[in-house]
$ cat final18.csv   # CSV, C-alpha atoms and all ligand atoms
chain,number,residue,atom,x,y,z
A,161,MET,CA,6.8,10.9,1.2
A,162,LEU,CA,5.7,11.6,-2.3
A,163,GLU,CA,2.0,10.6,-2.1
A,164,LEU,CA,-0.8,11.5,0.2
A,165,SER,CA,-1.8,7.8,0.3
A,166,LEU,CA,1.6,7.0,1.8
A,167,HIS,CA,1.0,9.5,4.6
A,168,VAL,CA,-2.4,7.9,5.2
A,169,LEU,CA,-0.8,4.5,5.5
A,170,ASP,CA,1.7,5.9,8.0
A,171,ILE,CA,-0.8,7.8,10.0
A,172,VAL,CA,-3.2,4.8,10.2
A,173,ASN,CA,-0.3,2.8,11.5
A,174,ASN,CA,-0.3,5.2,14.5
A,175,SER,CA,-3.9,4.2,15.1
A,176,ILE,CA,-3.0,0.6,14.9
A,177,LYS,CA,-0.1,1.0,17.3
A,178,ALA,CA,-2.6,2.8,19.6
A,179,LYS,CA,-4.6,-0.4,19.7
A,180,ALA,CA,-7.6,0.9,17.8
A,181,THR,CA,-10.3,-1.6,16.8
A,182,GLU,CA,-12.1,0.7,14.5
A,183,ILE,CA,-10.5,3.1,12.1
A,184,GLU,CA,-12.3,5.5,9.7
A,185,ILE,CA,-10.6,7.1,6.8
A,186,GLU,CA,-12.4,9.8,4.9
A,187,ILE,CA,-11.0,11.5,1.8
A,188,ASN,CA,-13.1,14.4,0.4
A,189,GLU,CA,-12.1,16.0,-2.9
A,190,GLN,CA,-14.0,19.1,-3.7
A,191,VAL,CA,-12.5,20.3,-6.9
A,192,LEU,CA,-14.8,23.3,-7.4
A,193,LYS,CA,-14.3,24.5,-3.9
A,194,ASN,CA,-10.6,23.8,-4.4
A,195,THR,CA,-10.2,21.7,-1.2
A,196,LEU,CA,-9.0,18.2,-0.4
A,197,THR,CA,-9.6,16.9,3.1
A,198,ILE,CA,-8.3,13.7,4.6
A,199,SER,CA,-9.4,12.6,8.0
A,200,ILE,CA,-8.4,9.6,10.1
A,201,LYS,CA,-10.4,8.7,13.1
A,202,ASP,CA,-9.7,5.9,15.6
A,203,ASN,CA,-10.8,4.5,18.9
A,204,GLY,CA,-7.3,3.8,20.1
A,205,CYS,CA,-5.7,4.7,23.4
A,206,GLY,CA,-5.6,8.5,22.6
A,207,MET,CA,-3.2,11.1,24.0
A,208,ASP,CA,-3.4,13.4,26.9
A,209,LYS,CA,-3.4,17.2,26.5
A,210,GLU,CA,0.2,17.7,27.4
A,211,PHE,CA,1.5,15.1,25.0
A,212,LEU,CA,-0.8,16.3,22.2
A,213,LYS,CA,0.8,19.7,22.5
A,214,THR,CA,4.2,18.3,21.9
A,215,VAL,CA,3.1,16.2,19.0
A,216,THR,CA,2.1,19.2,16.9
A,217,ASP,CA,4.5,21.7,18.5
A,218,PRO,CA,6.7,23.3,15.9
A,219,PHE,CA,9.6,23.4,18.4
A,220,LYS,CA,11.3,20.3,17.4
A,221,THR,CA,13.6,20.2,20.4
A,222,ILE,CA,10.7,18.8,22.5
A,223,ARG,CA,10.2,16.2,19.9
A,224,THR,CA,13.7,15.0,19.8
A,225,THR,CA,14.1,14.8,23.5
A,226,ARG,CA,10.9,12.8,23.6
A,227,LYS,CA,12.1,10.6,20.9
A,228,VAL,CA,8.8,10.8,19.0
A,229,GLY,CA,8.9,10.5,15.3
A,230,MET,CA,8.3,12.2,12.1
A,231,GLY,CA,5.0,10.9,10.7
A,232,LEU,CA,2.7,13.6,11.9
A,233,SER,CA,5.1,16.4,11.2
A,234,MET,CA,5.7,15.2,7.7
A,235,PHE,CA,1.9,15.1,7.0
A,236,GLN,CA,1.6,18.6,8.5
A,237,ALA,CA,4.4,19.9,6.4
A,238,ALA,CA,2.7,18.5,3.2
A,239,ALA,CA,-0.6,20.3,4.1
A,240,GLU,CA,1.1,23.6,5.1
A,241,ALA,CA,3.0,23.6,1.8
A,242,THR,CA,-0.4,24.0,0.1
A,243,GLY,CA,-1.7,26.6,2.5
A,244,GLY,CA,-3.7,23.9,4.4
A,245,LYS,CA,-3.3,22.6,7.9
A,246,LEU,CA,-3.2,19.5,10.1
A,247,LYS,CA,-5.4,19.4,13.2
A,248,ILE,CA,-5.4,16.7,15.8
A,249,SER,CA,-7.9,16.2,18.6
A,250,SER,CA,-7.5,13.3,21.0
A,251,LYS,CA,-8.8,12.1,24.2
A,252,LYS,CA,-7.1,9.6,26.4
A,253,GLY,CA,-9.0,6.3,26.4
A,254,VAL,CA,-11.4,7.5,23.7
A,255,GLY,CA,-9.5,8.0,20.5
A,256,THR,CA,-7.9,10.3,18.1
A,257,LEU,CA,-9.0,12.4,15.1
A,258,VAL,CA,-6.4,13.7,12.6
A,259,CYS,CA,-7.9,16.1,10.1
A,260,VAL,CA,-5.8,17.5,7.3
A,261,THR,CA,-6.7,20.0,4.6
A,262,PHE,CA,-5.0,20.9,1.3
A,263,THR,CA,-5.6,23.4,-1.4
A,264,TYR,CA,-6.6,21.2,-4.2
A,265,ASP,CA,-4.9,22.9,-7.2
A,266,HIS,CA,-1.8,24.1,-5.3
A,267,ILE,CA,1.3,23.3,-7.3
A,268,ASP,CA,2.9,21.7,-4.2
A,269,ARG,CA,0.0,19.5,-3.4
A,270,GLN,CA,1.2,15.9,-3.5
A,271,PRO,CA,-0.9,13.5,-5.6
A,272,LEU,CA,-3.3,11.3,-3.8
A,273,GLY,CA,-1.5,8.2,-5.2
A,274,ASN,CA,-2.5,4.7,-4.8
A,275,MET,CA,-5.2,4.5,-2.1
A,276,ALA,CA,-6.2,1.0,-3.2
A,277,GLU,CA,-2.7,-0.3,-2.4
A,278,THR,CA,-2.7,1.6,1.0
A,279,MET,CA,-6.0,-0.1,1.9
A,280,GLN,CA,-4.9,-3.5,0.7
A,281,ILE,CA,-1.8,-3.3,2.9
A,282,LEU,CA,-3.7,-2.0,5.9
A,283,THR,CA,-6.4,-4.6,5.8
A,284,SER,CA,-4.1,-7.5,5.1
A,285,GLY,CA,-2.1,-7.2,8.3
A,286,ASN,CA,-5.0,-6.5,10.7
A,287,ASP,CA,-7.8,-8.9,10.8
A,288,SER,CA,-9.0,-7.7,14.2
A,289,ILE,CA,-9.5,-4.1,13.1
A,290,ASP,CA,-12.5,-2.7,11.3
A,291,PHE,CA,-11.6,-0.3,8.6
A,292,ILE,CA,-14.1,2.1,7.1
A,293,TYR,CA,-12.9,4.0,4.0
A,294,HIS,CA,-15.1,6.7,2.6
A,295,HIS,CA,-14.0,8.5,-0.5
A,296,ILE,CA,-16.0,11.5,-1.7
A,297,LYS,CA,-15.3,13.3,-5.0
A,298,GLU,CA,-17.6,16.2,-5.9
A,299,ASP,CA,-21.1,14.6,-5.6
A,300,LYS,CA,-20.0,11.0,-5.9
A,301,GLU,CA,-18.9,8.6,-3.2
A,302,PHE,CA,-17.3,5.2,-2.6
A,303,LEU,CA,-17.6,3.3,0.6
A,304,PHE,CA,-15.5,0.3,1.7
A,305,ASP,CA,-16.2,-1.3,5.0
A,306,THR,CA,-14.3,-4.4,6.3
A,307,ARG,CA,-17.3,-5.3,8.5
A,308,GLN,CA,-19.2,-6.1,5.4
A,309,ILE,CA,-16.3,-8.0,3.9
A,310,LYS,CA,-15.8,-10.0,7.1
A,311,GLU,CA,-19.4,-11.0,7.2
A,312,ILE,CA,-18.9,-12.7,3.8
A,313,LEU,CA,-15.5,-14.2,4.7
A,314,GLY,CA,-16.4,-15.8,8.0
A,315,ASP,CA,-13.2,-17.3,9.4
A,316,VAL,CA,-11.2,-16.8,6.2
A,317,SER,CA,-8.5,-14.2,6.8
A,318,LEU,CA,-8.4,-10.8,5.1
A,319,ALA,CA,-4.6,-11.5,4.8
A,320,ASN,CA,-5.2,-14.3,2.4
A,321,PRO,CA,-3.4,-13.2,-0.8
A,322,GLU,CA,-6.4,-13.9,-3.0
A,323,ILE,CA,-8.6,-11.8,-0.7
A,324,THR,CA,-6.2,-8.9,-0.6
A,325,MET,CA,-6.0,-8.9,-4.4
A,326,TRP,CA,-9.8,-8.8,-4.5
A,327,ILE,CA,-9.8,-5.9,-2.0
A,328,ARG,CA,-7.3,-4.0,-4.1
A,329,GLY,CA,-9.2,-4.5,-7.3
A,330,HIS,CA,-12.5,-3.7,-5.7
A,331,ILE,CA,-11.2,-0.4,-4.4
A,332,GLU,CA,-9.4,0.5,-7.7
A,333,GLU,CA,-12.6,0.0,-9.6
A,334,GLY,CA,-14.7,1.9,-7.0
A,335,LEU,CA,-12.3,4.9,-7.2
A,336,ALA,CA,-12.2,4.8,-11.0
A,337,GLU,CA,-16.0,5.2,-11.0
A,338,LEU,CA,-15.6,8.5,-9.0
A,339,ASP,CA,-13.6,9.9,-11.9
A,340,SER,CA,-16.0,8.7,-14.7
B,211,MET,CA,-16.9,-3.3,-9.9
B,212,LYS,CA,-15.4,-6.5,-8.4
B,213,SER,CA,-18.5,-7.7,-6.8
B,214,LEU,CA,-19.2,-9.2,-3.4
B,215,ALA,CA,-20.5,-12.3,-5.1
B,216,GLU,CA,-17.0,-12.7,-6.6
B,217,LEU,CA,-15.5,-12.4,-3.1
B,218,GLU,CA,-17.9,-15.1,-1.8
B,219,ALA,CA,-16.7,-17.4,-4.6
B,220,ILE,CA,-13.0,-16.8,-3.7
B,221,LYS,CA,-13.8,-17.5,-0.1
B,222,ASN,CA,-15.4,-20.8,-0.9
B,223,LYS,CA,-12.5,-21.8,-3.0
B,224,ILE,CA,-10.1,-20.9,-0.1
B,225,LYS,CA,-12.1,-22.8,2.4
B,226,ASN,CA,-11.7,-26.0,0.4
B,227,GLN,CA,-7.9,-25.5,0.4
B,228,VAL,CA,-7.7,-24.8,4.1
B,229,GLU,CA,-6.7,-28.3,5.1
B,230,VAL,CA,-3.6,-28.1,3.0
B,231,ARG,CA,-2.7,-24.7,4.3
B,232,ARG,CA,-2.6,-25.7,7.9
B,233,GLU,CA,1.0,-26.9,8.2
B,234,SER,CA,2.1,-23.6,9.6
B,235,ASP,CA,5.2,-25.0,11.3
B,236,SER,CA,7.0,-25.6,8.0
B,237,SER,CA,6.1,-22.2,6.6
B,238,THR,CA,8.4,-19.5,5.4
B,239,ARG,CA,7.9,-16.0,6.8
B,240,ILE,CA,8.7,-12.9,4.8
B,241,VAL,CA,8.6,-9.7,6.8
B,242,VAL,CA,8.6,-6.1,5.5
B,243,GLY,CA,9.5,-3.1,7.6
B,244,MET,CA,6.6,-0.7,7.4
B,245,ALA,CA,7.5,2.1,9.8
B,246,THR,CA,7.6,5.7,8.6
B,247,CYS,CA,11.2,5.3,7.3
B,248,GLY,CA,10.2,2.1,5.4
B,249,ILE,CA,7.1,3.7,3.9
B,250,ALA,CA,8.9,6.8,2.8
B,251,ALA,CA,11.6,4.7,1.1
B,252,GLY,CA,9.1,2.7,-0.9
B,253,ALA,CA,8.1,-0.3,1.2
B,254,ARG,CA,4.5,-0.2,0.2
B,255,PRO,CA,4.9,-1.3,-3.4
B,256,VAL,CA,7.5,-3.8,-2.2
B,257,LEU,CA,5.1,-5.4,0.2
B,258,ALA,CA,2.3,-5.4,-2.5
B,259,ALA,CA,4.6,-7.1,-5.0
B,260,LEU,CA,5.5,-9.8,-2.5
B,261,VAL,CA,1.8,-10.5,-1.7
B,262,ASP,CA,1.0,-10.4,-5.4
B,263,GLU,CA,3.7,-13.0,-6.3
B,264,VAL,CA,2.8,-15.3,-3.4
B,265,GLY,CA,-0.9,-15.1,-4.4
B,266,LYS,CA,-0.3,-15.7,-8.1
B,267,ARG,CA,2.1,-18.6,-7.6
B,268,ASN,CA,-0.2,-20.0,-5.0
B,269,LEU,CA,2.6,-20.4,-2.4
B,270,ALA,CA,0.4,-21.8,0.3
B,271,ASN,CA,3.0,-22.0,3.0
B,272,VAL,CA,4.6,-18.6,2.5
B,273,ASN,CA,3.4,-15.9,4.9
B,274,VAL,CA,4.0,-12.2,4.1
B,275,SER,CA,3.7,-9.8,7.1
B,276,GLN,CA,4.6,-6.3,8.3
B,277,THR,CA,6.7,-5.1,11.1
B,278,GLY,CA,7.9,-1.7,12.5
B,279,CYS,CA,11.3,-0.1,12.2
B,280,ILE,CA,14.1,-2.7,11.8
B,281,GLY,CA,16.6,-0.1,12.9
B,282,MET,CA,18.6,0.6,9.7
B,283,CYS,CA,16.6,3.4,8.2
B,284,ARG,CA,19.1,4.3,5.5
B,285,LEU,CA,18.8,0.7,4.1
B,286,GLU,CA,15.1,0.7,3.8
B,287,PRO,CA,13.0,-0.8,2.3
B,288,ILE,CA,14.1,-3.9,4.2
B,289,VAL,CA,12.7,-7.4,3.7
B,290,GLU,CA,13.6,-10.3,5.9
B,291,VAL,CA,13.1,-14.0,5.1
B,292,PHE,CA,12.8,-16.6,7.8
B,293,GLU,CA,12.8,-20.2,6.7
B,294,PRO,CA,12.5,-23.0,9.1
B,295,GLY,CA,15.9,-24.5,10.0
B,296,LYS,CA,17.8,-21.8,8.1
B,297,GLU,CA,19.5,-18.5,9.0
B,298,ARG,CA,17.5,-15.3,8.5
B,299,VAL,CA,18.3,-13.5,5.2
B,300,THR,CA,18.0,-9.7,5.3
B,301,TYR,CA,17.5,-7.9,1.9
B,302,VAL,CA,18.0,-4.1,1.8
B,303,LYS,CA,17.1,-1.2,-0.5
B,304,MET,CA,14.4,-3.2,-2.0
B,305,THR,CA,12.3,-2.3,-5.0
B,306,GLU,CA,9.2,-3.9,-6.5
B,307,GLU,CA,11.3,-5.7,-9.2
B,308,LYS,CA,13.8,-6.9,-6.6
B,309,ALA,CA,11.0,-8.2,-4.5
B,310,ARG,CA,9.6,-10.2,-7.4
B,311,LYS,CA,13.0,-11.6,-8.1
B,312,ILE,CA,13.4,-12.8,-4.5
B,313,ILE,CA,10.2,-14.7,-4.7
B,314,ALA,CA,11.3,-16.4,-8.0
B,315,GLU,CA,14.9,-17.2,-7.0
B,316,HIS,CA,15.0,-17.4,-3.2
B,317,ILE,CA,11.5,-18.6,-2.2
B,318,VAL,CA,10.7,-20.8,-5.2
B,319,ASN,CA,14.2,-22.0,-6.3
B,320,GLY,CA,15.9,-21.8,-2.9
B,321,LYS,CA,18.8,-19.6,-4.0
B,322,VAL,CA,19.5,-16.6,-1.9
B,323,VAL,CA,19.9,-13.5,-4.0
B,324,THR,CA,23.2,-12.5,-2.5
B,325,GLU,CA,23.6,-9.2,-4.4
B,326,PHE,CA,20.5,-7.7,-2.6
B,327,THR,CA,21.4,-8.8,0.9
B,328,ILE,CA,22.7,-6.6,3.7
B,329,GLY,CA,26.1,-8.3,3.4
B,330,ALA,CA,26.5,-7.1,-0.1
B,331,ALA,CA,25.3,-3.5,0.7
B,332,GLU,CA,27.8,-3.0,3.6
A,401,LIG,N1,-3.7,7.8,16.6
A,401,LIG,C1,-2.9,7.9,17.7
A,401,LIG,N2,-3.3,7.5,18.9
A,401,LIG,C2,-2.5,7.6,20.0
A,401,LIG,N3,-1.3,8.1,19.9
A,401,LIG,C3,-0.8,8.6,18.8
A,401,LIG,C4,-1.6,8.6,17.6
A,401,LIG,N4,-1.0,9.1,16.6
A,401,LIG,C5,0.2,9.5,17.1
A,401,LIG,N5,0.3,9.2,18.4
A,401,LIG,C6,1.4,9.5,19.3
A,401,LIG,O1,2.2,10.5,18.7
A,401,LIG,C7,3.5,10.1,18.5
A,401,LIG,C8,4.1,10.7,17.2
A,401,LIG,O2,3.5,10.1,16.1
A,401,LIG,P1,4.3,10.2,14.7
A,401,LIG,O3,4.6,11.6,14.4
A,401,LIG,O4,3.5,9.4,13.7
A,401,LIG,O5,5.7,9.5,15.0
A,401,LIG,P2,6.0,8.0,15.4
A,401,LIG,O6,4.8,7.2,15.1
A,401,LIG,O7,7.2,7.6,14.6
A,401,LIG,O8,6.3,8.0,16.9
A,401,LIG,C9,3.4,8.6,18.5
A,401,LIG,O9,4.6,7.9,18.9
A,401,LIG,C10,2.3,8.3,19.5
A,401,LIG,O10,2.8,8.3,20.8
A,402,MG,MG,3.9,7.3,13.2

$ encode --input "final18.csv" --output "structure tokens"
Amino acid sequence: MLELSLHVLDIVNNSIKAKATEIEIEINEQVLKNTLTISIKDNGCGMDKEFLKTVTDPFKTIRTTRKVGMGLSMFQAAAEATGGKLKISSKKGVGTLVCVTFTYDHIDRQPLGNMAETMQILTSGNDSIDFIYHHIKEDKEFLFDTRQIKEILGDVSLANPEITMWIRGHIEEGLAELDS
Amino acid sequence: MKSLAELEAIKNKIKNQVEVRRESDSSTRIVVGMATCGIAAGARPVLAALVDEVGKRNLANVNVSQTGCIGMCRLEPIVEVFEPGKERVTYVKMTEEKARKIIAEHIVNGKVVTEFTIGAAE
């Protein structure tokens, strides 16, 4: 994966597979402190302690025998390449929190990429999930919450092409304001 | 910023079209593989381009959706087209441009883009 926003899409898909109904994504860019933090929190099925160990265990043999995939380890590698790390906490039946830190100006830090497209794709396939996307940059912030959108839409689906285009544009403009 | 008032106006417009959109039995389904392998290979812009074309061309009975791993990771991004009464068409190694071409030629004009299909890739 070449962009952090692609990792976000992939990791949120884990939450969706875990039957989450509420998913919170927070991106915090603190350029002066030289940190970038991404956290993804869900209320899905969670993982028990034993399984959680294998998911972040660097000994890949366990992973292959368990036939679990690559998504988390790729995200972890992207963080570690910048001197950062990936932490997961999870509780069976409660949910999961994935928190990843990066060194902002590290030469190997992947660009954030197109978060508007990631959110467009996530919200378009999943009407029954509430997404909260909070993006902080220095002292500015942008908040996108599908609960507010659904209140306006009533029974019109978030998957409607015109709605997804609006969502994309809305987020693009909101994020551009963080840079201005 | 694209305002909530604008969203409300779009919603009202859609609600007025809803009756026309309800013939879901005759609808075409376009499915994009969005597992880790698909995303890493570039499925996100492919999916976004398909949604964009369907929206812009107002193709009311075309439905774009996402699925997990289709099981041929090295051929990702993969797009499958299901049309009622026809055989499934599997497109492989998709890009944004190829995706737009598939909407124009296959979905709108009814001509399968053979050169992008799995048959041509194998
Ligand atoms: N948010 C989550 N909630 C519950 N289980 C999770 C979550 N994220 C990951 N998992 C578990 O960890 C496994 C490994 O995840 P990942 O590295 O993304 O690979 P993959 O999704 O391809 O299996 C998943 O298969 C799933 O069992
Ligand atoms: Mg995964």

$ residues_near_ligand --input "final18.csv" --ligand "ligand MG 402 (chain A)" --cutoff "6 Å" --atoms "only C-alpha atoms and all ligand atoms" --output "list in words"
Asp170, Ile171, Asn174 and Gly231 of chain A

$ interface_residues --input "final18.csv" --of "chain A" --to "chain B" --cutoff "7 Å" --atoms "all atoms listed in the file" --output "short mmCIF file (atom, residue, chain, number, x, y, z; two decimals) with C-alpha atoms, in the frame of the given file"
data_model
loop_
_atom_site.label_atom_id
_atom_site.label_comp_id
_atom_site.auth_asym_id
_atom_site.auth_seq_id
_atom_site.Cartn_x
_atom_site.Cartn_y
_atom_site.Cartn_z
CA MET A 161 6.80 10.90 1.20
CA LEU A 166 1.60 7.00 1.80
CA ASP A 170 1.70 5.90 8.00
CA GLY A 231 5.00 10.90 10.70
CA GLY A 285 -2.10 -7.20 8.30
CA ILE A 312 -18.90 -12.70 3.80
CA LEU A 313 -15.50 -14.20 4.70
CA VAL A 316 -11.20 -16.80 6.20
CA PRO A 321 -3.40 -13.20 -0.80
CA GLU A 322 -6.40 -13.90 -3.00
CA TRP A 326 -9.80 -8.80 -4.50
CA GLY A 329 -9.20 -4.50 -7.30
CA HIS A 330 -12.50 -3.70 -5.70
CA GLU A 333 -12.60 0.00 -9.60
CA GLY A 334 -14.70 1.90 -7.00
#

$ residues_near_ligand --input "final18.csv" --ligand "ligand LIG 401 (chain A)" --cutoff "6 Å" --atoms "only C-alpha atoms and all ligand atoms" --output "list in words"
Ile171, Asn174, Ser175, Ala178, Gly204, Cys205, Gly206, Met207, Val215, Val228, Gly229, Met230, Gly231, Leu232, Ser233 and Thr256 of chain A

$ atom_distance --input "final18.csv" --atom1 "atom CA of A:Ser199" --atom2 "atom CA of A:Ser340"
24.0 Å

$ residues_around --input "final18.csv" --residues "B:Glu290" --least-positions-apart "5" --cutoff "7 Å" --atoms "only C-alpha atoms" --output "count of residues only"
7

$ closest_residue --input "final18.csv" --among "A:Gln308, A:Thr263, A:Ser250, A:Asn188" --to "A:Lys201" --atoms "only C-alpha atoms"
A:Ser250

$ atom_distance --input "final18.csv" --atom1 "atom CA of A:Gly244" --atom2 "atom CA of A:Thr195"
8.9 Å

$ atom_distance --input "final18.csv" --atom1 "atom CA of A:Ala239" --atom2 "atom CA of A:His294"
19.9 Å

$ residues_near_point --input "final18.csv" --point "(13.0, -13.0, -1.8)" --cutoff "10 Å" --atoms "all atoms listed in the file" --output "VMD selection string"
chain B and resid 240 260 289 to 291 299 to 301 304 308 to 318 320 to 323 326 to 327
